[in-house]
Every structure is written in structure tokens, then in C-alpha cells.
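Quick look at entry.csv (CSV, C-alpha atoms):
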```csv
chain,number,residue,atom,x,y,z
A,29,MET,CA,87.2,71.8,140.1
A,30,SER,CA,86.8,68.7,138.0
A,31,LEU,CA,86.2,70.7,134.7
A,32,PHE,CA,88.7,72.6,132.6
A,33,LYS,CA,88.3,74.8,129.5
A,34,LEU,CA,89.6,73.8,126.1
A,35,SER,CA,89.5,76.1,123.1
A,36,ASN,CA,87.2,75.3,120.1
A,37,ASP,CA,90.3,75.9,117.9
A,38,VAL,CA,91.9,72.8,119.1
A,39,PHE,CA,90.4,70.8,116.2
A,40,SER,CA,91.8,73.3,113.7
A,41,LEU,CA,95.4,72.5,114.7
A,42,LYS,CA,95.3,69.3,112.7
A,43,LEU,CA,96.5,67.1,115.6
A,44,ASN,CA,96.1,63.3,115.5
A,45,ALA,CA,94.6,61.3,118.3
A,46,LEU,CA,97.9,60.9,120.2
A,47,GLU,CA,98.8,64.5,120.0
A,48,ILE,CA,95.4,65.9,120.9
A,49,SER,CA,95.2,63.5,123.9
A,50,VAL,CA,98.6,64.6,125.2
A,51,TYR,CA,97.9,68.3,124.5
A,52,ALA,CA,94.5,68.2,126.2
A,53,TYR,CA,96.0,66.5,129.3
A,54,LEU,CA,98.8,69.1,129.5
A,55,CYS,CA,96.2,71.9,129.3
A,56,SER,CA,94.3,70.2,132.1
A,57,LEU,CA,97.2,70.4,134.6
A,58,PRO,CA,97.5,73.3,137.0
A,59,ALA,CA,100.2,75.8,136.1
A,60,SER,CA,103.3,76.2,138.3
A,61,ALA,CA,104.0,79.6,136.6
A,62,THR,CA,102.8,81.8,133.8
A,63,THR,CA,105.2,83.4,131.4
A,64,THR,CA,103.4,85.3,128.7
A,65,ALA,CA,99.7,85.5,127.6
A,66,GLY,CA,98.5,82.0,126.9
A,67,VAL,CA,101.7,80.2,127.9
A,68,VAL,CA,101.9,78.3,131.2
A,69,VAL,CA,104.7,76.3,132.8
A,70,ILE,CA,103.9,72.8,134.1
A,71,SER,CA,105.9,70.0,135.5
A,72,VAL,CA,104.9,66.4,134.8
A,73,LYS,CA,106.6,63.0,134.3
A,74,GLN,CA,106.3,61.4,130.9
A,75,ALA,CA,105.3,58.2,132.6
A,76,THR,CA,102.4,60.1,134.1
A,77,ILE,CA,101.4,61.5,130.7
A,78,GLY,CA,101.4,57.9,129.3
A,79,GLN,CA,99.3,56.6,132.2
A,80,ARG,CA,96.7,59.4,132.0
A,81,CYS,CA,96.5,59.3,128.2
A,82,GLY,CA,96.4,55.6,127.7
A,83,ILE,CA,99.8,55.4,126.0
A,84,LYS,CA,102.0,52.4,127.0
A,85,SER,CA,105.2,53.1,125.0
A,86,PRO,CA,107.6,55.7,126.3
A,87,THR,CA,108.9,56.2,122.7
A,88,THR,CA,105.3,57.0,121.6
A,89,ILE,CA,105.0,59.6,124.3
A,90,SER,CA,108.2,61.3,123.4
A,91,ARG,CA,107.3,61.3,119.7
A,92,ALA,CA,103.9,62.9,120.4
A,93,ILE,CA,105.6,65.6,122.6
A,94,ASP,CA,108.2,66.2,119.9
A,95,HIS,CA,105.5,66.8,117.3
A,96,LEU,CA,103.7,69.2,119.6
A,97,CYS,CA,107.0,71.0,120.0
A,98,GLU,CA,107.4,71.2,116.2
A,99,LYS,CA,103.9,72.8,116.0
A,100,GLY,CA,104.8,75.4,118.6
A,101,LEU,CA,102.2,74.2,121.2
A,102,VAL,CA,104.7,72.8,123.7
A,103,GLU,CA,108.3,73.7,124.6
A,104,THR,CA,110.6,71.5,126.7
A,105,LEU,CA,112.3,73.9,129.2
A,106,GLU,CA,114.3,71.6,131.4
A,107,ARG,CA,114.5,68.4,133.3
A,108,THR,CA,115.0,68.4,137.0
A,109,LYS,CA,118.1,66.6,138.2
A,110,LYS,CA,118.2,63.8,140.7
A,111,ALA,CA,120.9,61.4,142.0
A,112,ALA,CA,122.1,59.0,139.3
A,113,PRO,CA,120.7,56.8,137.9
A,114,ARG,CA,117.3,58.4,138.6
A,115,ARG,CA,116.1,61.0,136.1
A,116,GLY,CA,114.0,64.0,137.0
A,117,THR,CA,110.7,65.4,135.9
A,118,TYR,CA,110.2,67.4,132.7
A,119,VAL,CA,109.2,71.0,132.8
A,120,TYR,CA,107.1,72.2,129.8
A,121,ALA,CA,105.8,75.5,128.5
A,122,VAL,CA,102.4,74.9,127.1
A,123,THR,CA,100.8,77.4,124.7
A,124,GLN,CA,97.1,77.3,125.3
A,125,GLN,CA,94.7,78.5,122.5
A,126,SER,CA,92.7,81.6,123.0
A,127,LEU,CA,89.2,81.2,124.5
A,128,HIS,CA,87.8,84.4,123.0
A,129,ASP,CA,86.2,82.5,120.0
A,130,GLY,CA,84.5,80.0,122.2
A,131,TYR,CA,85.5,77.1,124.4
A,132,PHE,CA,84.1,73.9,125.9
A,133,PHE,CA,84.4,72.2,129.2
A,134,VAL,CA,86.1,68.8,129.7
A,135,GLU,CA,85.9,66.5,132.7
A,136,ARG,CA,89.4,66.0,134.1
A,137,ARG,CA,88.5,62.5,135.5
A,138,VAL,CA,88.1,61.0,132.0
A,139,PHE,CA,92.0,61.0,131.8
A,140,GLY,CA,93.3,57.6,132.6
A,141,GLN,CA,90.1,55.9,131.4
A,142,LEU,CA,90.3,56.5,127.6
A,143,VAL,CA,92.8,55.7,124.9
A,144,PRO,CA,93.8,58.4,122.5
A,145,ARG,CA,91.2,57.6,119.7
A,146,GLN,CA,88.4,57.5,122.4
A,147,MET,CA,89.6,60.8,123.8
A,148,MET,CA,89.6,62.5,120.4
A,149,ILE,CA,85.9,61.5,119.8
A,150,TYR,CA,85.0,62.4,123.3
A,151,LEU,CA,86.5,65.9,123.0
A,152,PHE,CA,84.8,66.4,119.6
A,153,LEU,CA,81.4,65.6,121.1
A,154,CYS,CA,82.1,67.9,124.0
A,155,LYS,CA,82.9,70.7,121.5
A,156,ALA,CA,79.8,70.0,119.4
A,157,TYR,CA,77.5,69.9,122.5
A,158,SER,CA,74.8,72.6,122.5
A,159,PRO,CA,74.0,74.0,125.9
A,160,THR,CA,70.6,75.2,124.6
A,161,LEU,CA,69.4,71.8,123.3
A,162,ARG,CA,71.5,69.8,125.8
A,163,ARG,CA,72.6,67.5,123.1
A,164,CYS,CA,74.6,67.3,119.9
A,165,TRP,CA,73.9,65.6,116.6
A,166,ASN,CA,76.6,64.6,114.2
A,167,SER,CA,76.6,61.8,111.6
A,168,TYR,CA,79.4,59.3,111.6
A,169,GLN,CA,80.6,60.8,108.4
A,170,ASP,CA,80.7,64.3,109.9
A,171,ILE,CA,82.7,63.0,112.9
A,172,SER,CA,85.1,61.2,110.6
A,173,ARG,CA,85.7,64.3,108.5
A,174,GLN,CA,86.2,66.5,111.5
A,175,THR,CA,88.6,64.2,113.3
A,176,GLY,CA,90.4,62.5,110.3
A,177,MET,CA,89.4,59.0,111.5
A,178,LYS,CA,87.9,56.3,109.3
A,179,ARG,CA,84.2,55.9,109.5
A,180,GLU,CA,84.5,52.3,110.8
A,181,THR,CA,86.8,53.5,113.5
A,182,VAL,CA,84.4,56.3,114.5
A,183,ILE,CA,81.5,53.8,114.8
A,184,GLN,CA,83.6,51.4,116.9
A,185,THR,CA,84.8,54.2,119.2
A,186,VAL,CA,81.3,55.7,119.7
A,187,ASN,CA,80.0,52.3,120.7
A,188,GLU,CA,82.9,52.0,123.2
A,189,LEU,CA,82.1,55.4,124.7
A,190,VAL,CA,78.4,54.5,125.0
A,191,ASN,CA,79.2,51.1,126.6
A,192,GLY,CA,81.6,52.9,129.0
A,193,HIS,CA,78.9,55.4,130.0
A,194,PHE,CA,80.9,58.4,128.9
A,195,ILE,CA,78.2,59.5,126.4
A,196,THR,CA,74.6,58.4,125.7
A,197,ARG,CA,73.2,57.9,122.2
A,198,CYS,CA,69.7,58.1,120.9
A,199,ARG,CA,68.9,56.9,117.4
A,200,ARG,CA,66.1,58.8,115.8
A,201,LYS,CA,63.8,57.6,113.0
A,202,ALA,CA,62.8,59.7,110.0
A,203,LYS,CA,59.4,61.3,110.2
A,204,ASP,CA,58.4,60.3,106.7
A,205,ASN,CA,59.7,56.8,107.0
A,206,ARG,CA,59.8,55.2,110.4
A,207,ARG,CA,62.0,52.3,109.1
A,208,VAL,CA,64.9,54.6,108.3
A,209,PHE,CA,67.2,56.0,111.0
A,210,VAL,CA,68.5,59.6,110.7
A,211,ASP,CA,70.9,61.6,112.8
A,212,ASN,CA,72.2,60.2,116.1
A,213,LEU,CA,71.6,62.4,119.2
A,214,TYR,CA,74.4,62.4,121.8
A,215,GLN,CA,74.6,63.6,125.4
A,216,VAL,CA,77.8,63.9,127.3
A,217,VAL,CA,77.7,62.1,130.7
A,218,ARG,CA,79.3,63.7,133.7
A,219,TYR,CA,81.2,61.3,135.9
A,220,VAL,CA,80.8,61.6,139.7
A,221,LYS,CA,81.2,59.4,142.7
A,222,GLY,CA,78.6,59.1,145.4
A,223,LYS,CA,76.6,56.8,147.7
A,224,ILE,CA,73.9,54.5,146.3
A,225,THR,CA,70.8,53.5,148.4
A,226,LYS,CA,69.8,49.9,148.7
A,227,LYS,CA,66.6,50.5,146.7
A,228,ILE,CA,68.6,51.7,143.7
A,229,VAL,CA,70.9,48.7,144.0
A,230,ARG,CA,67.9,46.3,144.0
A,231,LEU,CA,66.5,48.0,140.9
A,232,TYR,CA,69.9,47.9,139.2
A,233,ARG,CA,70.2,44.1,139.9
A,234,LYS,CA,66.6,43.6,138.7
A,235,TYR,CA,66.8,45.3,135.4
A,236,ASN,CA,70.4,44.4,134.6
A,237,ARG,CA,69.9,40.7,135.6
A,238,THR,CA,73.2,40.6,137.4
A,239,ASN,CA,74.1,38.2,140.2
A,240,VAL,CA,76.9,40.4,141.5
A,241,SER,CA,76.2,41.8,144.9
A,242,LEU,CA,76.6,45.5,145.2
A,243,LEU,CA,75.2,45.9,148.6
A,244,SER,CA,78.6,45.5,150.3
A,245,LYS,CA,80.0,48.6,148.5
A,246,THR,CA,79.4,51.9,150.2
A,247,HIS,CA,80.8,53.9,147.3
A,248,VAL,CA,80.2,53.0,143.6
A,249,GLN,CA,80.7,54.9,140.4
A,250,VAL,CA,77.6,56.8,139.3
A,251,TYR,CA,76.9,58.2,135.9
A,252,TYR,CA,74.2,60.8,135.2
A,253,ASN,CA,73.3,63.2,132.4
A,254,ARG,CA,74.2,66.8,132.8
A,255,SER,CA,71.3,68.9,134.1
A,256,GLU,CA,72.8,72.0,132.6
A,257,GLY,CA,74.7,72.7,129.4
A,258,LEU,CA,78.2,72.8,130.8
A,259,CYS,CA,80.2,71.6,127.8
A,260,GLN,CA,80.1,74.4,125.3
A,261,VAL,CA,80.5,78.1,125.8
A,262,GLY,CA,81.1,80.7,123.1
A,263,ASN,CA,80.0,81.6,119.6
A,264,ARG,CA,80.4,78.2,117.9
A,265,GLN,CA,78.0,76.2,120.0
A,266,LYS,CA,77.2,73.4,117.6
A,267,VAL,CA,78.2,71.9,114.3
A,268,GLU,CA,75.6,72.6,111.7
A,269,VAL,CA,76.5,69.7,109.4
A,270,ARG,CA,73.9,67.0,109.5
A,271,GLY,CA,73.5,63.7,107.7
A,272,SER,CA,72.6,60.0,108.0
A,273,PRO,CA,74.3,58.1,110.9
```
As C-alpha cells:
Amino acid sequence: MSLFKLSNDVFSLKLNALEISVYAYLCSLPASATTTAGVVVISVKQATIGQRCGIKSPTTISRAIDHLCEKGLVETLERTKKAAPRRGTYVYAVTQQSLHDGYFFVERRVFGQLVPRQMMIYLFLCKAYSPTLRRCWNSYQDISRQTGMKRETVIQTVNELVNGHFITRCRRKAKDNRRVFVDNLYQVVRYVKGKITKKIVRLYRKYNRTNVSLLSKTHVQVYYNRSEGLCQVGNRQKVEVRGSP
């Protein structure tokens, strides 16, 4: 299954972008064993964590894991031994947050495509997604306050997610003044791979005015909106704070 569950409480842990990206990736991995309730044992290389979380520096990866260990979310159990000078894989015990107060779904295949600040905004929009309305609405100021990022960084990151087809954004105008924009509406886009017919390719080339031939590719990346509200499940289905974008 390409989706995994993440607790709504993840944003109450006061994690920065690096930490929440690493923690979310560790929670997405299949467990090799289960110790106590909510604690799973996984084995993964730090180089793999960096690759999947968009972190290039090994020191930065180690620092993020150390901070997660200090907060009691991750514990380094051991490191497998190999013939010198090769070093083995780390084994971690990951404490996952309870799902009883609500959880949201995250697409596993976004790992490796987003840098930490993009991942943090993406996770927040998945959390704020309403399955009933099939959208979420949050001002840039609200996202900034919830994630701890600067408003300018939020605007830049949202634009990057829209351009990368990870989310869609619709700007709404005020009813009493059509010259003024109010809240943005966001939809989380599900990533799949599939075959594209020649007719769709011709339409793509026509409306995107591209000279790149796509007919030679039998498989291309396809992005489409969710037909069902798969992101958010639980009591806290949406963020009630609203404001100007």
C-alpha cells in the first residue's frame, strides 16, 4: 500500500522541518519487530534517510536523529557489523504517536521528491484536509503559525508544491468585493503511474505548447486529484482558523 498513517499530534511535538521529515520517513517504513505499544523496530541506513528526505549532509542527518532521540521519539538500538572498513545499518526503535485522536494519510512515494521544508508544508496540508469538503483552506499566516516557518518561506514553498503537482491551489475572491482575494483552497494530489493514450498526449502538447515528444514513452507520471477524502481521518478533520491568503 502506498499510503501510511501519521498522527495529528505530530505537529504538537514542536519539530522543525528536518526533524519532522526524518520522523515521518521512519514512521513510513515497515517494522521488523514490535516491542511495546506504539514502539516499532526498523533497520535503515542513514544514507537512505538522507536520500529519501532530501538531506545531503550526513552530519545533518545524524543531528536530526540525535534531536529525535532527545525528545524520546527515536532510540538507536544498535548498528550491524560488517567486515572493516564497511559499517553496518542502524537499527532504531521508533515511538509512533497514538492514532486515537485522529490521523491522516500520507503518500509514501513523495519521499525522495521533497526537501524538508516542502515536506513539512505537505504534511500540514494533508493534516488539514477535510474528507467531507475534499479540500482544505488555510491562510499563509495560519500555515506559518502552525509550522513555525516565515510567511515568505510558506508562500515560496506552496508555489513549489503547486508547480510540482503535489497540491492544487484555487484562489477565491471575496463575495462583496471581487477585486479582493480571500482564503486559498488546496487539494492534495495523489501520485500514481500509468499509461497515457495518444489522444491525451496530443491534448497535453496542444494546451501546454511544448515541442517535447511524449509519444515514445509508454509510461509517464500522472497526477490526479483524489476522488475520495483519503487524507484525514479522526476527530480533528480541519483547521478552523481562516484569514486572508
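The spacing separating atom CA of A:Arg137 from atom CA of A:Val102 amounts to 22.5 Å.
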Worksheet entry | Atom-to-atom span, atom CA of A:Gly176 and atom CA of A:Leu46, Å | 12.5 Å
Item to complete: Determine the nearest neighbour of A:Phe152 from the options A:Glu180, A:Glu188, A:Asp170, A:Glu106, counting all atoms listed in the file.
Response: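 Under the stated criterion, the closest residue is A:Asp170.
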Discussion item. Counting all atoms listed in the file, which residues have an atom no more than 12 Å from (84.9, 64.4, 117.6) in the file's coordinates? Please list them as a ChimeraX atom specification.
Written reply: /A:36,38-40,44-45,48,144-157,164-179,181-183,185-186,189,214,266-267
Worksheet entry | From A:Leu54, A:Ile89, A:Ile77, A:Ile83, residue lying nearest A:Leu101 [all atoms listed in the file] |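 When distances to A:Leu101 are compared using all atoms listed in the file, the smallest one comes from A:Leu54.
The coordinates place atom CA of A:Thr104 at 14.8 Å from atom CA of A:Gln124.
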Practice prompt. Please provide the set of residues having any atom within 6 Å of A:Glu103, restricted to all atoms listed in the file, with same-chain residues fewer than 5 positions apart removed, written as a list in words.
Written response: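 Using all atoms listed in the file, the neighbours found are Cys97, Tyr120 and Ala121 of chain A.
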Worksheet entry | Of the listed residues A:Lys42, A:Gln141, A:Ser158, A:Pro58, that which approaches A:Gly192 most closely, counting all atoms listed in the file | A:Gln141
Item to complete: Enumerate, as a list in words, the protein, DNA and RNA residues whose atoms approach (88.5, 72.9, 133.9) to within 10 Å, taking into account only C-alpha atoms and the coordinate frame of the file.
Response: Met29, Ser30, Leu31, Phe32, Lys33, Leu34, Cys55, Ser56, Leu57, Pro58, Phe132, Phe133, Val134, Glu135 and Arg136 of chain A
